Amino acid sequence: MLDVILLVLKIAFLVLLFAFVAFVVRRTVRDVSGPVEHPAPAPRKASPPPVPAPSEPVVAVVPNVPEATPAERRKRREQRHVDRTMPGESLDLMAHIDPRLVVEASPVLAAGTEVRLEGWIMIGRSPTSDLVLDDPFVSQTHARVVPRGQLHFVEDLGSTNGTFVNGREVVEAQLLLDTEVRIGETIFRYEE
């Protein structure tokens, strides 16, 4: 009797094993031969947008606008440039900007003192500097502010105590709006 039960279990196990192998082979063949194409569902008809109740805010529906090609974007950009400038002129971003350093705190300069940035500005303890800071932590020729195109940069000139922009010691850094520059114990803020 026990032999019959073991034989039935062996046969059942072999049937299950055969079914599993057949499933794996069928699945592998289907994956290798490519996905089965199912017919695409029919497109739905667009229903008109619901009319909002008087208490609901009205939301505008923007139609799909095709994306422009790079050539079309370049042509529009050139046209905007032509529209904004006169023939033979270039767009000057500095026309309405007044770049300056404003003293925030200093042992030698009054707070609120403005230093206009017109050309190169040499900063140091030397009397020949454009901006003289008689501070023991400032080198003779400590730093300079240099215009490059329409931007301004501060450059450290190998000073002993360094030049700091927004709390970090720099050799050179671009001045952005509200940038804090520290030279010795004097703190400036860049404004336009």
# chains A, B, ... in the order shown; residues from 1 in each chain; ligands from 1

$ residues_around --residues "Ser126 (chain A)" --least-positions-apart "2" --cutoff "12 Å" --atoms "only C-alpha atoms" --output "list in words"
Met122, Ile123, Gly124, Thr128, Ser129, Asp130, Leu131, Val132, Leu133, Asp134, Asp135, Pro136, Val138, Ser139, Gln140, Thr141, His142 and Ala143 of chain A

$ closest_residue --among "A:Asp31, A:His152, A:Leu101, A:Leu117" --to "Glu180 (chain A)" --atoms "only C-alpha atoms"
A:Leu101

$ closest_residue --among "A:Val145, A:Val25, A:Leu17, A:Val108" --to "Trp120 (chain A)" --atoms "only C-alpha atoms"
A:Val145

$ select_by_dssp --residues "region 81-190 of chain A" --states "strand (DSSP E)" --output "PyMOL selection string"
chain A and resi 100-105+114-116+121-124+131-132+143-148+151-156+163-165+168-170+172-174+180-183+186-190

$ closest_residue --among "A:Phe13, A:Arg168, A:Thr160, A:Val181" --to "Val103 (chain A)" --atoms "only C-alpha atoms"
A:Val181

$ atom_distance --atom1 "CA of Val24 (chain A)" --atom2 "CA of Leu6 (chain A)"
27.0 Å

$ closest_residue --among "A:Pro107, A:Ile121, A:Pro127, A:Asp98" --to "Gln150 (chain A)" --atoms "only C-alpha atoms"
A:Asp98
